[in-house]
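Here is the structure we will look at, set down as structure tokens.
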Amino acid sequence: MQRDALAALARRTAPVTQPAPPGVIAALRWACARDLRLALRSRSELALIVVFFLLVTSLFPLAVSPDPELLRAMAAGIVWVAALLASLLGLARLFAADHADGTLEQMVLAPAPLAALVAGKVLAHWIATGLPLVLLAPLAGLQFGLGADAIGVLVVALALGTPVLSWLGAIAAALTLGARGGSSLLALLVLPLAVPVLIFGAGSVESYAAGLGAEAHLSLLTAGAIAAWVLGPAVTALAVKIAHE
Amino acid sequence: MTTFARFWYRYASPASFYPLAGRLIPVFATLAVLLAAAGLYVGFFVAPTDWQQGEAYRIIYIHVPAAWMAMFVYLVMAFWSAISLSFHTRLSAMMAQALAPTGAMWAFIALWTGAFWGRPTWGAYWVWDARLTSTLILLFLYLGYMALRASIDDPRRADRAAGLLALVGAINVPIIYFSVQWWNTLHQGATISMTAAPKMAETMLTGMLLLTFAAWTYTIAVALHRVRSIIVEREAASGWMSRLASPERPPAADGSAPSGAAAR
Amino acid sequence: MTPTGTFDGLEARALACAAGYRTLFASLDLRIAPGEWTMLVGANGSGKSTLLRTIAGLARPLAGEILWRGAPRKPDDAEWRAQCVYQGHAAGWKDAFDVRENLGLQLALDGLRVPRAELDAAIDRVGLARQAKLPFARLSAGQRRRVSLARLSCSHARRLWLLDEPGTALDADGLRLLGELVDAHLRAGGLALVATHQPLPCNATPSRLSLDELRP
């Protein structure tokens with residue numbers, strides 16, 4: 001009976017027309033929805049990243065001094081470094097799991113544009129790991145005694161900067177697929193490239209606190225975010241292809 | 001095809017580049033020694049003592065060329081990486097691989113000499129000067145490149161992955177320099193920066209330029225030497241290497257040419 | 001042959017591939033016409049997977065060219081990717097999803113719009129109806145392979161099948177299913193290049209390509 005069913009299927013799907021390859025938006029939606037669904041299934045893993053972030057911000061006053069003036073001056077920098085380290089934690093899961101079980105290979109070979117698939121993955125990754133950091137930054141800001149308006153600047157800067165970190169991390173994660181060295185290699189590749197984001201991100205709050213206004217920093221961060229979204233997909237797609245050679 | 005294009009195509013294969021590199025190394029090495037001797041003489045004996053900083057300032061004759069070379073070598077590395085990614089050539093990737101350790105060395109030297117300059121000048125070995133900090137980040141970029149290369153087993157994949165990293169780094173280097181400069185000016189106000197070079201006497205400039213060219217020719221010589229060992233390592237399996245490896249027999253008693261000479 | 005006289009199948013000329021520093025094979029010539037399939041044999045490490053991956057477009061050959069329907073095959077071309085199915089060693093399924101989700105996602109990626117009923121029918125055809133909602137981690141290796149068969153059963157529109165050891169972990173019934181799938185595909189005018197250690201119960205006789213003989 002199975003044989004007849006198969007024969008019937010073969011007759012029905014005789015190659016008359018090719019299936020339509022998914023377009024850019026469809027591919028992006030497919031990848032984003034899939035990765036978000038996967039993230040929902042491993043909620044505990046994501047919670048760990050957020051806990052790590054709060055843990056690191058709590059370490060600094062313990063290690064340095066609880067002096068409120070000092071903490072307020074260092075607040076933006078500490079929050080940014082913690083966000084950077086926390087995002088490094090989450091990067092390993094961006095491509096490594098898909099690479100290990102072969103689904104990434106199928107994405108490379110799929111007729112859908114790989115850059116769009118990759119963009120969908122990075123978007124989902126940011127929503128799952130970057131956005132929580134942005135939303136929790138006010139908490140860290142309160143820990144350090146930042147004023148409400150400074151916290152606002154911090155949140156905006158993080159919202160603009162964390163996607164850039166995600167893209168830089170995506171390129172590094174793709175390049176290190178199948179390479180020895182693990183997360184330390186990833187950190188060595190990402191951190192130097194992330195320095196401008198760190199400088200402009202943390203600098204925005206300091207500049208605002210100094211009365212100079214944060215517009216310059218935030219506009220540079222915006223430019224960086226746009227450049228990351230425009231250039232990131234193609235570069236990351238190339239890196240993923242290289243990893244499969 | 002123009003002569004230049006013919007030259008380019010001919011030497012684009014590792015097999016023909018290998019002997020050419022071998023012939024070029026002594027040329028560049030000699031140049032490097034001569035230029036270094038001239039530059040050091042000018043820098044340490046001819047150029048006048050700086051009225052502000054005394055004799056200690058002379059370390060900039062090594063520091064500045066080293067910092068320039070660190071940056072320049074990275075750009076050349078990125079250039080060869082771009083060529084290898086676009087045209088799938090092996091030799092350009094090997095050239096990039098050969099340049100990286102030397103570039104890292106220049107960055108390291110720049111940092112050390114910067115520290116030795118900082119101590120007598122400002123009393124501290126490390127001030128977070130814009131250029132020193134940028135050079136530090138550049139050193140990390142070099143180390144990342146070399147680490148990535150070392151951690152991928154397949155040589156062609158290592159070529160392409162490291163090449164892409166070098167390109168991404170090269171695009172980021174101006175952004176990094178700009179951001180560090182921004183950060184530095186915001187925090188230190190008037191920069192006591194090494195980039196604000198004192199009004200240089202002409203001899204000082206001559207000394208620095210001589211040493212820069214010396215560093216450049218040295219880098220070329222070392223890179224050519226290194227690329228030869230990379231070629232040996234990677235092309236060991238192909239036929240032309242074994243023809244090269246067979247020892248040259250001494251000329252026969254009647255003066256005829258030895259057989260088994262090195263392959264072209 | 002198409003009316004213009006070009007060969008309407010897969011062709012490889014003087015193909016050479018390497019893995020790391022080692023050249024695996026050289027001067028490989030391959031010709032598969034529509035409705036035919038080739039069995040790829042060779043010892044472990046002889047380059048079967050590398051050949052399949054090179055033809056699929058994942059890896060670059062050292063030398064030689066690959067032609068599809070008379071024109072050089074461009075791996076970045078979406079047209080080419082739409083016409084070939086590659087199933088490698090890695091199964092290509094996520095443990096976190098169940099059978100139906102996995103299959104649905106993969107077919108969507110393939111560009112097929114498969115309604116729920118047909119999805120269930122495909123799962124049923126490979127004998128996994130009862131396991132459809134189980135998490136993937138609970139399936140045995142053979143059952144996971146059958147999900148790959150379900151994907152193949154919906155992929156007859158893609159003319160070239162590149163299969164790397166599709167019979168691994170399959171029981172006799174699964175192998176029979178695989179054979180029928182390949183037969184159905186060939187009857188519909190498709191081509192297949194299958195690397196396998198064991199013969200497949202196929203009606204169509206394959207031509208053999210042994211990589212052991214092509215080692216340099």
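Ligands are numbered from 1 in the order shown, residues from 1 within each chain, and chains are lettered A, B, ... in the order they appear in the structure tokens.
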
Could you list, as a list in words, every residue of chain B that has an atom within 8 Å of an atom of chain C, counting only C-alpha atoms?
-> Asp153, Asp154, Pro155, Arg156, Arg234 and Ala237 of chain B

For the residues in the current selection, export N, CA and C atoms as a compact mmCIF listing (two decimals), in the first residue's frame.
# COMPACT_ATOMS: atom_id res chain seq x y z
N ASP B 153 42.14 23.64 10.91
CA ASP B 153 43.09 22.66 10.39
C ASP B 153 43.25 22.74 8.88
N ASP B 154 42.14 22.85 8.18
CA ASP B 154 42.22 22.83 6.73
C ASP B 154 42.87 24.11 6.22
N PRO B 155 43.96 24.02 5.47
CA PRO B 155 44.71 25.23 5.11
C PRO B 155 43.93 26.20 4.24
N ARG B 156 43.13 25.66 3.29
CA ARG B 156 42.41 26.60 2.42
C ARG B 156 41.29 27.30 3.19
N ARG B 234 53.13 23.79 2.48
CA ARG B 234 51.82 23.52 1.90
C ARG B 234 51.90 22.79 0.58
N ALA B 237 53.32 18.17 -1.23
CA ALA B 237 52.84 16.99 -1.95
C ALA B 237 53.01 17.10 -3.46

Who sits within 8 Å of Gly203 (chain A), only C-alpha atoms, same chain under 4 positions skipped, as a ChimeraX atom specification | /A:76-77,198-199,207,217 /B:183

Which residues of chain B come within 12 Å of chain A, and what is each one's closest atom pair and distance in Å (one decimal), counting only C-alpha atoms, sorted by chain and residue number, as CSV?
residue,atom,partner,partner_atom,distance
B:Leu85,CA,A:Ile242,CA,10.2
B:Ser86,CA,A:Leu238,CA,11.7
B:His88,CA,A:Ile242,CA,12.0
B:Thr133,CA,A:Val195,CA,10.8
B:Ser134,CA,A:Pro192,CA,9.8
B:Thr135,CA,A:Pro192,CA,11.1
B:Leu136,CA,A:Pro192,CA,9.3
B:Ile137,CA,A:Pro192,CA,5.8
B:Leu138,CA,A:Pro192,CA,8.0
B:Leu139,CA,A:Pro192,CA,9.4
B:Phe140,CA,A:Pro192,CA,6.6
B:Leu141,CA,A:Pro192,CA,6.6
B:Tyr142,CA,A:Leu189,CA,9.7
B:Leu143,CA,A:Leu188,CA,8.0
B:Gly144,CA,A:Leu189,CA,5.4
B:Tyr145,CA,A:Leu189,CA,7.9
B:Met146,CA,A:Leu189,CA,10.5
B:Ala147,CA,A:Leu185,CA,7.2
B:Leu148,CA,A:Thr176,CA,7.2
B:Arg149,CA,A:Ala179,CA,9.0
B:Ala150,CA,A:Arg180,CA,8.6
B:Ser151,CA,A:Arg180,CA,4.9
B:Ile152,CA,A:Ala179,CA,4.9
B:Asp153,CA,A:Ala179,CA,7.6
B:Asp154,CA,A:Glu245,CA,9.2
B:Pro155,CA,A:Glu245,CA,10.8
B:Arg156,CA,A:Glu245,CA,8.5
B:Arg157,CA,A:Glu245,CA,6.4
B:Ala158,CA,A:Ile242,CA,8.9
B:Asp159,CA,A:Ile242,CA,9.6
B:Arg160,CA,A:Ile242,CA,6.6
B:Ala161,CA,A:Leu175,CA,5.7
B:Ala162,CA,A:Leu175,CA,8.0
B:Gly163,CA,A:Ala239,CA,10.1
B:Leu164,CA,A:Ala239,CA,7.3
B:Leu165,CA,A:Leu175,CA,7.8
B:Ala166,CA,A:Leu189,CA,10.5
B:Leu167,CA,A:Val235,CA,10.1
B:Val168,CA,A:Val235,CA,8.5
B:Gly169,CA,A:Leu193,CA,7.1
B:Ala170,CA,A:Leu193,CA,10.1
B:Ile171,CA,A:Leu193,CA,9.9
B:Asn172,CA,A:Leu193,CA,6.7
B:Val173,CA,A:Leu193,CA,8.3
B:Pro174,CA,A:Pro196,CA,10.2
B:Ile175,CA,A:Pro196,CA,6.8
B:Ile176,CA,A:Pro196,CA,5.5
B:Tyr177,CA,A:Pro196,CA,8.6
B:Phe178,CA,A:Pro196,CA,8.3
B:Ser179,CA,A:Pro196,CA,5.4
B:Val180,CA,A:Pro196,CA,7.3
B:Gln181,CA,A:Ile199,CA,10.2
B:Trp182,CA,A:Ile199,CA,8.6
B:Trp183,CA,A:Ile199,CA,6.6
B:Asn184,CA,A:Ile199,CA,10.0
B:Thr185,CA,A:Gly203,CA,11.8
B:Leu186,CA,A:Ser207,CA,8.7
B:His187,CA,A:Gly203,CA,9.9

Chain C residues near chain A (8 Å cut-off, only C-alpha atoms) as a PDB file with N, CA and C atoms, in the first residue's frame:
ATOM      1  N   ALA C  56      27.529  19.591  -4.715  1.00  0.00           N
ATOM      2  CA  ALA C  56      26.433  20.392  -4.179  1.00  0.00           C
ATOM      3  C   ALA C  56      26.788  21.874  -4.148  1.00  0.00           C
ATOM      4  N   GLY C  57      28.091  22.178  -4.052  1.00  0.00           N
ATOM      5  CA  GLY C  57      28.504  23.574  -4.046  1.00  0.00           C
ATOM      6  C   GLY C  57      29.044  24.039  -2.716  1.00  0.00           C
ATOM      7  N   LEU C  58      29.177  23.137  -1.759  1.00  0.00           N
ATOM      8  CA  LEU C  58      29.703  23.542  -0.462  1.00  0.00           C
ATOM      9  C   LEU C  58      31.205  23.744  -0.516  1.00  0.00           C
ATOM     10  N   ALA C  59      31.884  22.896  -1.271  1.00  0.00           N
ATOM     11  CA  ALA C  59      33.347  22.968  -1.325  1.00  0.00           C
ATOM     12  C   ALA C  59      33.784  23.265  -2.748  1.00  0.00           C
ATOM     13  N   ARG C  60      34.973  23.819  -2.870  1.00  0.00           N
ATOM     14  CA  ARG C  60      35.505  24.133  -4.190  1.00  0.00           C
ATOM     15  C   ARG C  60      36.437  23.027  -4.639  1.00  0.00           C
ATOM     16  N   ALA C  78      20.886  30.675  -7.126  1.00  0.00           N
ATOM     17  CA  ALA C  78      19.710  30.149  -6.440  1.00  0.00           C
ATOM     18  C   ALA C  78      19.012  29.102  -7.300  1.00  0.00           C
ATOM     19  N   GLU C  79      19.103  29.257  -8.619  1.00  0.00           N
ATOM     20  CA  GLU C  79      18.500  28.283  -9.537  1.00  0.00           C
ATOM     21  C   GLU C  79      19.060  26.889  -9.293  1.00  0.00           C
ATOM     22  N   TRP C  80      20.410  26.849  -9.183  1.00  0.00           N
ATOM     23  CA  TRP C  80      21.040  25.553  -8.964  1.00  0.00           C
ATOM     24  C   TRP C  80      20.605  24.970  -7.620  1.00  0.00           C
ATOM     25  N   ARG C  81      20.611  25.827  -6.594  1.00  0.00           N
ATOM     26  CA  ARG C  81      20.286  25.320  -5.276  1.00  0.00           C
ATOM     27  C   ARG C  81      18.840  24.830  -5.228  1.00  0.00           C
ATOM     28  N   ALA C  82      17.991  25.414  -6.068  1.00  0.00           N
ATOM     29  CA  ALA C  82      16.597  24.975  -6.084  1.00  0.00           C
ATOM     30  C   ALA C  82      16.447  23.629  -6.768  1.00  0.00           C
ATOM     31  N   GLN C  83      17.463  23.219  -7.522  1.00  0.00           N
ATOM     32  CA  GLN C  83      17.313  21.998  -8.303  1.00  0.00           C
ATOM     33  C   GLN C  83      18.027  20.812  -7.688  1.00  0.00           C
ATOM     34  N   TYR C  86      20.599  17.897  -1.194  1.00  0.00           N
ATOM     35  CA  TYR C  86      21.791  17.244  -0.650  1.00  0.00           C
ATOM     36  C   TYR C  86      21.456  16.758   0.747  1.00  0.00           C
ATOM     37  N   GLY C  88      23.511  15.042   3.746  1.00  0.00           N
ATOM     38  CA  GLY C  88      24.841  14.631   4.164  1.00  0.00           C
ATOM     39  C   GLY C  88      24.798  13.700   5.352  1.00  0.00           C
ATOM     40  N   ALA C  90      25.360  14.509   8.517  1.00  0.00           N
ATOM     41  CA  ALA C  90      24.562  15.097   9.585  1.00  0.00           C
ATOM     42  C   ALA C  90      23.117  15.101   9.137  1.00  0.00           C
ATOM     43  N   ALA C  91      22.250  14.653   9.991  1.00  0.00           N
ATOM     44  CA  ALA C  91      20.872  14.426   9.589  1.00  0.00           C
ATOM     45  C   ALA C  91      20.175  15.704   9.160  1.00  0.00           C
ATOM     46  N   GLY C  92      20.495  16.814   9.800  1.00  0.00           N
ATOM     47  CA  GLY C  92      19.844  18.058   9.408  1.00  0.00           C
ATOM     48  C   GLY C  92      18.532  18.288  10.110  1.00  0.00           C
ATOM     49  N   TRP C  93      18.396  17.764  11.312  1.00  0.00           N
ATOM     50  CA  TRP C  93      17.161  17.960  12.063  1.00  0.00           C
ATOM     51  C   TRP C  93      17.493  18.460  13.450  1.00  0.00           C
ATOM     52  N   LYS C  94      16.589  19.262  13.997  1.00  0.00           N
ATOM     53  CA  LYS C  94      16.841  19.811  15.319  1.00  0.00           C
ATOM     54  C   LYS C  94      16.203  18.939  16.388  1.00  0.00           C
ATOM     55  N   ALA C  96      15.290  19.759  19.237  1.00  0.00           N
ATOM     56  CA  ALA C  96      14.306  20.446  20.065  1.00  0.00           C
ATOM     57  C   ALA C  96      12.905  20.399  19.460  1.00  0.00           C
ATOM     58  N   PHE C  97      12.817  20.151  18.156  1.00  0.00           N
ATOM     59  CA  PHE C  97      11.503  20.121  17.512  1.00  0.00           C
ATOM     60  C   PHE C  97      11.024  18.692  17.363  1.00  0.00           C
ATOM     61  N   LEU C 105       9.389  22.697   8.754  1.00  0.00           N
ATOM     62  CA  LEU C 105      10.390  23.750   8.604  1.00  0.00           C
ATOM     63  C   LEU C 105      11.285  23.487   7.397  1.00  0.00           C
ATOM     64  N   LEU C 109      11.723  25.687   4.029  1.00  0.00           N
ATOM     65  CA  LEU C 109      13.008  26.192   3.565  1.00  0.00           C
ATOM     66  C   LEU C 109      13.251  25.772   2.124  1.00  0.00           C
ATOM     67  N   ASP C 110      12.796  24.578   1.765  1.00  0.00           N
ATOM     68  CA  ASP C 110      12.971  24.102   0.400  1.00  0.00           C
ATOM     69  C   ASP C 110      12.110  24.865  -0.584  1.00  0.00           C
ATOM     70  N   GLY C 111      11.213  25.690  -0.050  1.00  0.00           N
ATOM     71  CA  GLY C 111      10.377  26.479  -0.946  1.00  0.00           C
ATOM     72  C   GLY C 111       9.057  25.815  -1.266  1.00  0.00           C
ATOM     73  N   LEU C 112       8.745  24.726  -0.552  1.00  0.00           N
ATOM     74  CA  LEU C 112       7.496  24.022  -0.822  1.00  0.00           C
ATOM     75  C   LEU C 112       6.431  24.492   0.159  1.00  0.00           C
ATOM     76  N   ARG C 125       3.551   7.983   5.384  1.00  0.00           N
ATOM     77  CA  ARG C 125       4.109   7.127   4.338  1.00  0.00           C
ATOM     78  C   ARG C 125       5.413   6.478   4.763  1.00  0.00           C
ATOM     79  N   SER C 153      10.599  12.316  -0.160  1.00  0.00           N
ATOM     80  CA  SER C 153       9.370  11.971  -0.862  1.00  0.00           C
ATOM     81  C   SER C 153       8.625  13.208  -1.331  1.00  0.00           C
ATOM     82  N   CYS C 154       8.909  14.355  -0.736  1.00  0.00           N
ATOM     83  CA  CYS C 154       8.271  15.582  -1.204  1.00  0.00           C
ATOM     84  C   CYS C 154       9.178  16.364  -2.144  1.00  0.00           C
ATOM     85  N   HIS C 156      10.521  15.449  -5.191  1.00  0.00           N
ATOM     86  CA  HIS C 156      10.724  14.920  -6.534  1.00  0.00           C
ATOM     87  C   HIS C 156      10.883  16.021  -7.561  1.00  0.00           C
ATOM     88  N   ALA C 157      10.398  17.219  -7.237  1.00  0.00           N
ATOM     89  CA  ALA C 157      10.512  18.315  -8.201  1.00  0.00           C
ATOM     90  C   ALA C 157      11.958  18.772  -8.345  1.00  0.00           C
ATOM     91  N   ARG C 158      12.802  18.473  -7.339  1.00  0.00           N
ATOM     92  CA  ARG C 158      14.200  18.839  -7.458  1.00  0.00           C
ATOM     93  C   ARG C 158      14.935  17.711  -8.141  1.00  0.00           C
ATOM     94  N   ARG C 159      15.543  18.023  -9.273  1.00  0.00           N
ATOM     95  CA  ARG C 159      15.933  16.960 -10.175  1.00  0.00           C
ATOM     96  C   ARG C 159      17.137  16.156  -9.693  1.00  0.00           C
ATOM     97  N   GLU C 180      12.404   2.470  -3.211  1.00  0.00           N
ATOM     98  CA  GLU C 180      11.213   2.877  -3.959  1.00  0.00           C
ATOM     99  C   GLU C 180      11.221   4.367  -4.245  1.00  0.00           C
ATOM    100  N   LEU C 181      11.697   5.138  -3.268  1.00  0.00           N
ATOM    101  CA  LEU C 181      11.768   6.581  -3.478  1.00  0.00           C
ATOM    102  C   LEU C 181      12.690   6.915  -4.638  1.00  0.00           C
ATOM    103  N   ALA C 184      11.058   5.942  -7.873  1.00  0.00           N
ATOM    104  CA  ALA C 184      10.011   6.894  -8.260  1.00  0.00           C
ATOM    105  C   ALA C 184      10.643   8.168  -8.804  1.00  0.00           C
ATOM    106  N   HIS C 185      11.717   8.579  -8.161  1.00  0.00           N
ATOM    107  CA  HIS C 185      12.389   9.809  -8.593  1.00  0.00           C
ATOM    108  C   HIS C 185      12.955   9.658 -10.000  1.00  0.00           C
ATOM    109  N   ALA C 188      10.400   9.720 -12.662  1.00  0.00           N
ATOM    110  CA  ALA C 188       9.900  11.070 -12.937  1.00  0.00           C
ATOM    111  C   ALA C 188      10.925  11.920 -13.669  1.00  0.00           C
ATOM    112  N   GLY C 189      12.057  11.338 -14.032  1.00  0.00           N
ATOM    113  CA  GLY C 189      13.041  12.082 -14.810  1.00  0.00           C
ATOM    114  C   GLY C 189      14.147  12.695 -13.987  1.00  0.00           C
TER     115      GLY C 189
END

So which residues of region 5-52 of chain C fall under helix (DSSP H, G or I) by DSSP, listed as number ranges by chain?
-> C: 48-52

Convert the current residue selection to file output with C-alpha atoms, as a PDB file, in the first residue's frame.
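Result went into result_0.pdb, see below:
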ATOM      1  CA  LYS C  48      32.857  10.228  -1.304  1.00  0.00           C
ATOM      2  CA  SER C  49      31.487  12.887   1.005  1.00  0.00           C
ATOM      3  CA  THR C  50      33.900  15.448  -0.408  1.00  0.00           C
ATOM      4  CA  LEU C  51      32.750  14.692  -3.949  1.00  0.00           C
ATOM      5  CA  LEU C  52      29.103  15.056  -2.992  1.00  0.00           C
TER       6      LEU C  52
END

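Going from CA of Ala98 (chain B) over to CA of Gly64 (chain C), you cover 29.1 Å.
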
Non-local contacts of Pro216 (chain C) (8 Å; only C-alpha atoms; under 2 positions in same chain excluded) as a ChimeraX atom specification | /C:23-26,214
